[in-house]
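Report on the following structure.
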Amino acid sequence: MAKIKTLRSASDKSISHRLAIISSISKKKVIIKNYLFAEDTVNTTKALTELSVDIKIENSDVVVNPKGKYVLKEPNDILDFGNSGTGIRLLSGVLSGCDFFCVVSGDSSLTKRPMMRIIEPLSRMGASFMYRKGGYAPLAVHGKSGLSGIEYSSNIASAQVKSAVLLAGLFSDEPVCVREPVKSRNHTENMLRYFGVDVEEKGLSVCLGKNREPYGDFELSVPADISSSAFFMVLAAVKKELEIVLTDVCLNDTRSGILDVFDQCGINYEIKNKKVESNELIGDIVVKHTNSLKPFKIDKELLPSLIDEIPILSILGIFCDGVSVIKDASELRKKESDRIKAICKNLNAVGVKTEEFEDGFKIYPNSEYNLKNAYIDTFGDHRIAMSFKVLEAVCGLEFEFSETHSIKTSYPGFFDHLNYIMS
Ligand code: S3P
């Protein structure tokens, strides 16, 4: 008989960042339940406090008492976003519409990640930026009240770029539209609409309408993150005699590409208790151990909807009955680490054959019995660390990790949850 475990994974990181930011420039009070208290999202609330927003934690809720979008104040010091690309890029959008000087920066990973992708459109809208050679943080931003409009056609499918432009667009009266090559996560659009802003999504374009004042005056709850749930979804699929029920997961179809991969593999899963809450689809995912797994293929159409799940899906690839392929994925080299390199290096270390190319890689199958103990270099990347912790647990191996504290950037309760599932 399979053991059945029920788990609510960490709250959604993307939704938490956005709720903190959008609530802070709204007109009325917002109470955020189930906010993700992880390093990345706490850095965002700290930055908002330094911008003079009244944002507090009360009984584990985040309570924001905003005064509209024009009252953020120049901070006294550098805003430090730690490891968070979402925090620095989205808030740079807001800062572009604020008439003061501000420096934004982060840790040794964040200061290596490309920022030209936001500097370019935000400068076209009228903000001034100074930055390190090549467009790296620290960035100095001098915003401007009354930004120009923009018709921006992005050559990458990036929700961070799209969101930075849309948030800056709240500080403009002119037409603001963003077009992307493949649709990326649309939480900003859903949330702005929930806050009463006019947002129109037409195919691959998103445009702001006339009303650009987020309102607020409600309480809402952050669902569980499918990217955090993914570690346990894969664990359940490959671990014998296990069934895991992941509850309250955000199933937004711009995020749920992992379910498409599960379909390709023939994994036994079910979605239950679907409902819509604050414009997001939520439900429970039940995953059961599946014996024979077909290999999967991920290409440019699917990639944005599972971009953060590639490390754990690479672990899934080990257990498939054939070669799995990930292509059109050069963006993976620009994440918290160069994930193509980090995944291939560590898979090779444990005895899995890979073939690396510039924009992707192939994973050759293996079985848990042929894997070996190894040194795992996480490259300081939370998702690499969690993925190999799952592999270690599934196979009963003992890897030596370069570090695991990076896990706190997105999933502080990860070890407790892993212990509970394995108990
Ligand atoms: C995020 C968008 C994605 C994702 C990141 C979170 C967001 O990044 O990888 O973890 O919350 O908007 P890109 O926009 O760079 O693809």
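Going through the structure tokens in order, the chains are called A, B, and so on, while each chain numbers its residues from 1 and the ligands are numbered from 1 in the order shown.
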
- Please write out the residues within 6 Å of ligand 1 as an NGL selection string, counting only C-alpha atoms and all ligand atoms. :A and (14 or 86 or 158-160 or 307-308)

Report as a Markdown table the residues of range 17-118 of chain A within 6 Å of range 200-223 of chain A, each with its shortest atom pair and distance in Å (one decimal), using only C-alpha atoms, ordered by chain and increasing residue number.
| residue | atom | partner | partner_atom | distance |
| --- | --- | --- | --- | --- |
| A:Ser26 | CA | A:Pro214 | CA | 4.7 |
| A:Lys27 | CA | A:Tyr215 | CA | 4.9 |
| A:Lys28 | CA | A:Asp217 | CA | 4.8 |
| A:Lys29 | CA | A:Asp217 | CA | 4.9 |
| A:Val30 | CA | A:Phe218 | CA | 5.3 |
| A:Ile31 | CA | A:Glu219 | CA | 4.4 |
| A:Ile32 | CA | A:Leu220 | CA | 5.3 |
| A:Lys33 | CA | A:Ser221 | CA | 4.4 |
| A:Asn34 | CA | A:Val222 | CA | 5.2 |
| A:Tyr35 | CA | A:Val222 | CA | 5.9 |

- Message: Need to verify the contact set: Gly380 in chain A, 12 Å, only C-alpha atoms, exclusion of same-chain residues closer than 6 positions in sequence. Can you return it as a VMD selection string?
- Response: chain A and resid 83 107 to 110 335 to 339 342 386 401 to 409

With N, CA, C and O atoms retained, export the selected residues as a short mmCIF file (atom, residue, chain, number, x, y, z; two decimals), in the first residue's frame.
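Writing done, so here's result.cif:
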data_model
loop_
_atom_site.label_atom_id
_atom_site.label_comp_id
_atom_site.auth_asym_id
_atom_site.auth_seq_id
_atom_site.Cartn_x
_atom_site.Cartn_y
_atom_site.Cartn_z
N ASN A 83 19.48 37.98 -3.49
CA ASN A 83 19.59 37.04 -4.62
C ASN A 83 18.48 37.24 -5.66
O ASN A 83 18.40 36.52 -6.64
N ASP A 107 23.41 40.44 -4.22
CA ASP A 107 24.58 39.61 -3.86
C ASP A 107 25.44 39.30 -5.09
O ASP A 107 25.19 39.80 -6.19
N SER A 108 26.44 38.42 -4.90
CA SER A 108 27.42 38.19 -5.98
C SER A 108 26.78 37.48 -7.18
O SER A 108 27.31 37.54 -8.29
N SER A 109 25.63 36.83 -6.99
CA SER A 109 24.93 36.23 -8.13
C SER A 109 24.12 37.31 -8.85
O SER A 109 24.19 37.46 -10.08
N LEU A 110 23.39 38.11 -8.10
CA LEU A 110 22.51 39.11 -8.72
C LEU A 110 23.30 40.16 -9.51
O LEU A 110 22.85 40.63 -10.55
N LYS A 335 20.24 32.60 -14.91
CA LYS A 335 19.45 32.51 -13.68
C LYS A 335 20.37 32.69 -12.46
O LYS A 335 21.48 33.18 -12.59
N GLU A 336 19.93 32.24 -11.29
CA GLU A 336 20.71 32.41 -10.06
C GLU A 336 22.11 31.81 -10.23
O GLU A 336 23.06 32.20 -9.56
N SER A 337 22.22 30.78 -11.12
CA SER A 337 23.53 30.29 -11.57
C SER A 337 23.36 30.00 -13.05
O SER A 337 22.25 30.09 -13.59
N ASP A 338 24.44 29.61 -13.72
CA ASP A 338 24.32 29.08 -15.09
C ASP A 338 23.77 27.67 -14.90
O ASP A 338 24.49 26.72 -14.63
N ARG A 339 22.45 27.55 -15.03
CA ARG A 339 21.81 26.29 -14.64
C ARG A 339 22.14 25.15 -15.60
O ARG A 339 22.12 23.98 -15.19
N ALA A 342 25.46 24.01 -14.26
CA ALA A 342 25.34 23.46 -12.90
C ALA A 342 24.64 22.09 -12.93
O ALA A 342 25.06 21.15 -12.25
N MET A 386 18.05 22.13 -3.89
CA MET A 386 16.84 21.35 -3.56
C MET A 386 16.67 20.16 -4.50
O MET A 386 16.28 19.07 -4.06
N PHE A 401 27.37 18.54 -0.09
CA PHE A 401 26.92 19.76 -0.78
C PHE A 401 27.88 20.92 -0.50
O PHE A 401 28.31 21.09 0.64
N SER A 402 28.15 21.74 -1.53
CA SER A 402 29.00 22.93 -1.32
C SER A 402 28.33 23.86 -0.31
O SER A 402 29.00 24.53 0.46
N GLU A 403 27.00 23.92 -0.34
CA GLU A 403 26.21 24.70 0.62
C GLU A 403 24.75 24.33 0.42
O GLU A 403 24.40 23.83 -0.65
N THR A 404 23.93 24.60 1.40
CA THR A 404 22.47 24.46 1.20
C THR A 404 21.73 25.67 1.77
O THR A 404 20.50 25.72 1.70
N HIS A 405 22.48 26.65 2.31
CA HIS A 405 21.74 27.78 2.92
C HIS A 405 21.01 28.61 1.87
O HIS A 405 20.06 29.33 2.18
N SER A 406 21.41 28.51 0.57
CA SER A 406 20.71 29.26 -0.48
C SER A 406 19.23 28.89 -0.54
O SER A 406 18.41 29.67 -1.02
N ILE A 407 18.89 27.70 -0.04
CA ILE A 407 17.49 27.24 -0.08
C ILE A 407 16.56 28.25 0.62
O ILE A 407 15.40 28.41 0.25
N LYS A 408 17.13 28.97 1.58
CA LYS A 408 16.31 29.95 2.32
C LYS A 408 15.84 31.11 1.44
O LYS A 408 14.96 31.86 1.82
N THR A 409 16.43 31.27 0.25
CA THR A 409 15.97 32.39 -0.60
C THR A 409 14.53 32.18 -1.06
O THR A 409 13.81 33.14 -1.27
#

- Task: Could you give me the residues within range 163-398 of chain A that DSSP places in strand (DSSP E or B), as an MDAnalysis selection string?
- Result: chainID A and resid 172 176:179 199:202 205:208 218:221 224 242:250 269:277 280:288 293 297:298 320 324:326 354:357 360:363 375:376

- Message: Taking only C-alpha atoms into account, name the residue in A:Asn366, A:Asn373, A:Ser9, A:Ser330 that is nearest to Ile421 in chain A.
- Response: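 Smallest distance to Ile421 in chain A is found for A:Ser9.
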
- For Lys345 in chain A, which residue among A:Ser387, A:Thr378, A:Ser154, A:Asn370 is the nearest when counting only C-alpha atoms?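 So, comparing all the options, the nearest one is A:Thr378.
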
- Check the DSSP output for the backbone and give back, as a ChimeraX atom specification, the residues of range 170-311 of chain A in helix (DSSP H, G or I). /A:187-194,226-238,257-265,303-311

- Message: Env of range 15-25 of chain A: 7 Å cut, atoms = only C-alpha atoms, seq-sep filter 4 positions within chain, self excluded. Answer as a ChimeraX atom specification.
- Response: /A:30,35-36,41,44-45,53,64,66-69,87,187-188,214,216,222

Saved selection, atoms kept: all heavy atoms, as a compact mmCIF listing (two decimals), in the first residue's frame:
# COMPACT_ATOMS: atom_id res chain seq x y z
N VAL A 30 -4.20 46.90 2.38
CA VAL A 30 -4.24 45.51 1.88
C VAL A 30 -3.65 44.60 2.96
O VAL A 30 -2.60 44.89 3.54
CB VAL A 30 -3.42 45.37 0.57
CG1 VAL A 30 -3.47 43.91 0.08
CG2 VAL A 30 -3.93 46.30 -0.52
N TYR A 35 1.86 35.21 3.06
CA TYR A 35 3.01 35.80 2.35
C TYR A 35 4.20 34.86 2.50
O TYR A 35 4.35 34.20 3.53
CB TYR A 35 3.34 37.16 2.96
CG TYR A 35 4.36 37.97 2.18
CD1 TYR A 35 3.98 38.65 1.04
CD2 TYR A 35 5.70 38.03 2.59
CE1 TYR A 35 4.91 39.40 0.31
CE2 TYR A 35 6.63 38.77 1.87
CZ TYR A 35 6.23 39.44 0.73
OH TYR A 35 7.15 40.17 0.02
N LEU A 36 5.04 34.78 1.50
CA LEU A 36 6.23 33.94 1.59
C LEU A 36 7.31 34.68 2.38
O LEU A 36 7.86 35.69 1.90
CB LEU A 36 6.76 33.62 0.18
CG LEU A 36 8.11 32.90 0.14
CD1 LEU A 36 7.99 31.47 0.68
CD2 LEU A 36 8.67 32.88 -1.28
N THR A 41 11.77 37.46 -0.75
CA THR A 41 10.56 38.26 -0.63
C THR A 41 10.62 39.18 0.60
O THR A 41 9.99 40.24 0.61
CB THR A 41 9.33 37.32 -0.56
OG1 THR A 41 9.67 36.23 0.31
CG2 THR A 41 8.98 36.77 -1.92
N THR A 44 12.31 42.29 -0.49
CA THR A 44 11.39 43.22 -1.17
C THR A 44 10.60 44.05 -0.15
O THR A 44 10.48 45.27 -0.31
CB THR A 44 10.45 42.43 -2.11
OG1 THR A 44 11.24 41.92 -3.18
CG2 THR A 44 9.35 43.30 -2.69
N THR A 45 10.10 43.42 0.91
CA THR A 45 9.34 44.22 1.89
C THR A 45 10.28 45.21 2.61
O THR A 45 9.88 46.33 2.90
CB THR A 45 8.59 43.34 2.92
OG1 THR A 45 9.51 42.42 3.48
CG2 THR A 45 7.45 42.57 2.29
N VAL A 53 7.26 53.12 2.78
CA VAL A 53 5.92 52.51 2.76
C VAL A 53 5.62 51.97 4.15
O VAL A 53 6.49 51.40 4.81
CB VAL A 53 5.87 51.35 1.73
CG1 VAL A 53 4.51 50.65 1.78
CG2 VAL A 53 6.18 51.86 0.33
N VAL A 64 -0.34 46.25 4.67
CA VAL A 64 0.17 47.42 3.97
C VAL A 64 -0.85 48.55 4.08
O VAL A 64 -2.02 48.36 3.75
CB VAL A 64 0.44 47.11 2.47
CG1 VAL A 64 1.24 48.24 1.82
CG2 VAL A 64 1.16 45.78 2.30
N PRO A 66 -1.04 51.82 2.41
CA PRO A 66 -0.40 52.66 1.40
C PRO A 66 -1.07 54.03 1.30
O PRO A 66 -2.14 54.25 1.86
CB PRO A 66 -0.62 51.86 0.13
CG PRO A 66 -1.94 51.18 0.36
CD PRO A 66 -2.08 50.94 1.83
N LYS A 67 -0.43 54.91 0.56
CA LYS A 67 -1.03 56.24 0.36
C LYS A 67 -1.03 56.60 -1.12
O LYS A 67 -0.85 57.76 -1.49
CB LYS A 67 -0.20 57.27 1.15
CG LYS A 67 -0.26 57.07 2.66
CD LYS A 67 0.24 58.33 3.36
CE LYS A 67 0.36 58.14 4.85
NZ LYS A 67 1.49 57.28 5.25
N GLY A 68 -1.10 55.60 -1.98
CA GLY A 68 -1.11 55.88 -3.42
C GLY A 68 0.27 55.75 -4.02
O GLY A 68 1.24 55.47 -3.33
N LYS A 69 0.35 56.00 -5.33
CA LYS A 69 1.61 55.68 -6.02
C LYS A 69 2.63 56.80 -6.00
O LYS A 69 3.78 56.58 -6.39
CB LYS A 69 1.32 55.21 -7.43
CG LYS A 69 0.64 56.22 -8.31
CD LYS A 69 0.26 55.59 -9.66
CE LYS A 69 -0.44 56.62 -10.51
NZ LYS A 69 -0.98 56.08 -11.74
N GLY A 87 12.76 40.87 -7.44
CA GLY A 87 12.71 42.06 -6.58
C GLY A 87 13.36 43.25 -7.27
O GLY A 87 12.74 44.32 -7.42
N HIS A 187 1.09 36.91 -13.72
CA HIS A 187 0.59 37.29 -12.39
C HIS A 187 0.44 38.81 -12.26
O HIS A 187 -0.47 39.28 -11.58
CB HIS A 187 1.53 36.82 -11.28
CG HIS A 187 1.76 35.35 -11.25
ND1 HIS A 187 0.74 34.43 -11.17
CD2 HIS A 187 2.91 34.63 -11.30
CE1 HIS A 187 1.26 33.21 -11.15
NE2 HIS A 187 2.56 33.30 -11.23
N THR A 188 1.35 39.57 -12.87
CA THR A 188 1.25 41.04 -12.74
C THR A 188 -0.05 41.52 -13.38
O THR A 188 -0.78 42.33 -12.79
CB THR A 188 2.46 41.71 -13.43
OG1 THR A 188 3.65 41.18 -12.85
CG2 THR A 188 2.44 43.22 -13.26
N PRO A 214 -3.91 51.50 -8.76
CA PRO A 214 -4.31 50.32 -7.98
C PRO A 214 -5.08 50.77 -6.74
O PRO A 214 -4.68 51.74 -6.10
CB PRO A 214 -2.97 49.66 -7.59
CG PRO A 214 -1.93 50.30 -8.45
CD PRO A 214 -2.44 51.64 -8.85
N GLY A 216 -7.01 48.55 -3.94
CA GLY A 216 -6.81 47.85 -2.66
C GLY A 216 -8.08 47.79 -1.85
O GLY A 216 -9.16 47.62 -2.41
N VAL A 222 -1.90 34.35 -0.51
CA VAL A 222 -0.96 33.86 -1.53
C VAL A 222 -1.06 32.32 -1.57
O VAL A 222 -0.94 31.67 -0.54
CB VAL A 222 0.49 34.26 -1.16
CG1 VAL A 222 1.47 33.77 -2.22
CG2 VAL A 222 0.61 35.77 -0.96

- Item | Nearest-residue call for Ile312 in chain A, choices A:Gly169, A:Ser229, A:Val350, A:His289, using only C-alpha atoms |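 Distance minimum relative to Ile312 in chain A lands on A:Ser229.
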
Give me the residues near Ala2 in chain A as a PDB file with N, CA, C and O atoms, in the first residue's frame, where near means some atom within 10 Å (using only C-alpha atoms) and where sequence neighbours in that chain fewer than 6 positions away do not count.
ATOM      1  N   LYS A 240       9.151   4.880  -4.968  1.00  0.00           N
ATOM      2  CA  LYS A 240       8.207   3.752  -4.896  1.00  0.00           C
ATOM      3  C   LYS A 240       7.288   3.873  -3.675  1.00  0.00           C
ATOM      4  O   LYS A 240       7.702   4.367  -2.630  1.00  0.00           O
ATOM      5  N   GLU A 241       6.065   3.416  -3.869  1.00  0.00           N
ATOM      6  CA  GLU A 241       5.077   3.341  -2.783  1.00  0.00           C
ATOM      7  C   GLU A 241       4.816   4.665  -2.090  1.00  0.00           C
ATOM      8  O   GLU A 241       4.716   4.746  -0.875  1.00  0.00           O
ATOM      9  N   LEU A 242       4.746   5.716  -2.892  1.00  0.00           N
ATOM     10  CA  LEU A 242       4.461   7.036  -2.309  1.00  0.00           C
ATOM     11  C   LEU A 242       3.403   7.746  -3.142  1.00  0.00           C
ATOM     12  O   LEU A 242       3.355   7.611  -4.370  1.00  0.00           O
ATOM     13  N   GLU A 243       2.546   8.491  -2.437  1.00  0.00           N
ATOM     14  CA  GLU A 243       1.566   9.347  -3.098  1.00  0.00           C
ATOM     15  C   GLU A 243       1.587  10.657  -2.323  1.00  0.00           C
ATOM     16  O   GLU A 243       1.550  10.635  -1.086  1.00  0.00           O
ATOM     17  N   ILE A 244       1.707  11.781  -3.020  1.00  0.00           N
ATOM     18  CA  ILE A 244       1.730  13.069  -2.308  1.00  0.00           C
ATOM     19  C   ILE A 244       0.598  13.954  -2.817  1.00  0.00           C
ATOM     20  O   ILE A 244       0.399  14.092  -4.030  1.00  0.00           O
ATOM     21  N   LYS A 288       1.133  10.243  -7.931  1.00  0.00           N
ATOM     22  CA  LYS A 288       1.375   8.873  -7.463  1.00  0.00           C
ATOM     23  C   LYS A 288       2.620   8.310  -8.137  1.00  0.00           C
ATOM     24  O   LYS A 288       2.908   8.662  -9.288  1.00  0.00           O
ATOM     25  N   HIS A 289       3.292   7.419  -7.441  1.00  0.00           N
ATOM     26  CA  HIS A 289       4.457   6.761  -8.037  1.00  0.00           C
ATOM     27  C   HIS A 289       4.049   6.113  -9.355  1.00  0.00           C
ATOM     28  O   HIS A 289       3.011   5.471  -9.457  1.00  0.00           O
TER      29      HIS A 289
END

- Item | Test item: residues at most 12 Å from range 143-146 of chain A, only C-alpha atoms, excluding those fewer than 4 positions along its chain, as an MDAnalysis selection string | chainID A and resid 69:74 91:103 119 122:130 168:174

Long-range neighbours of Asp299 in chain A as a PDB file with N, CA and C atoms, in the first residue's frame, 9 Å cut-off, only C-alpha atoms, 6 positions minimum in chain:
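Okay, selection.pdb is ready:
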ATOM      1  N   VAL A 325      15.160  15.798 -23.586  1.00  0.00           N
ATOM      2  CA  VAL A 325      15.860  16.927 -24.218  1.00  0.00           C
ATOM      3  C   VAL A 325      15.267  18.260 -23.773  1.00  0.00           C
ATOM      4  N   ILE A 326      16.158  19.193 -23.448  1.00  0.00           N
ATOM      5  CA  ILE A 326      15.733  20.565 -23.137  1.00  0.00           C
ATOM      6  C   ILE A 326      16.452  21.472 -24.121  1.00  0.00           C
ATOM      7  N   LYS A 327      15.686  22.193 -24.959  1.00  0.00           N
ATOM      8  CA  LYS A 327      16.359  23.067 -25.927  1.00  0.00           C
ATOM      9  C   LYS A 327      15.731  24.461 -25.921  1.00  0.00           C
ATOM     10  N   ASP A 328      16.319  25.381 -26.685  1.00  0.00           N
ATOM     11  CA  ASP A 328      15.875  26.790 -26.753  1.00  0.00           C
ATOM     12  C   ASP A 328      15.895  27.430 -25.369  1.00  0.00           C
ATOM     13  N   ALA A 329      16.842  27.036 -24.541  1.00  0.00           N
ATOM     14  CA  ALA A 329      16.794  27.433 -23.129  1.00  0.00           C
ATOM     15  C   ALA A 329      18.035  28.224 -22.687  1.00  0.00           C
TER      16      ALA A 329
END
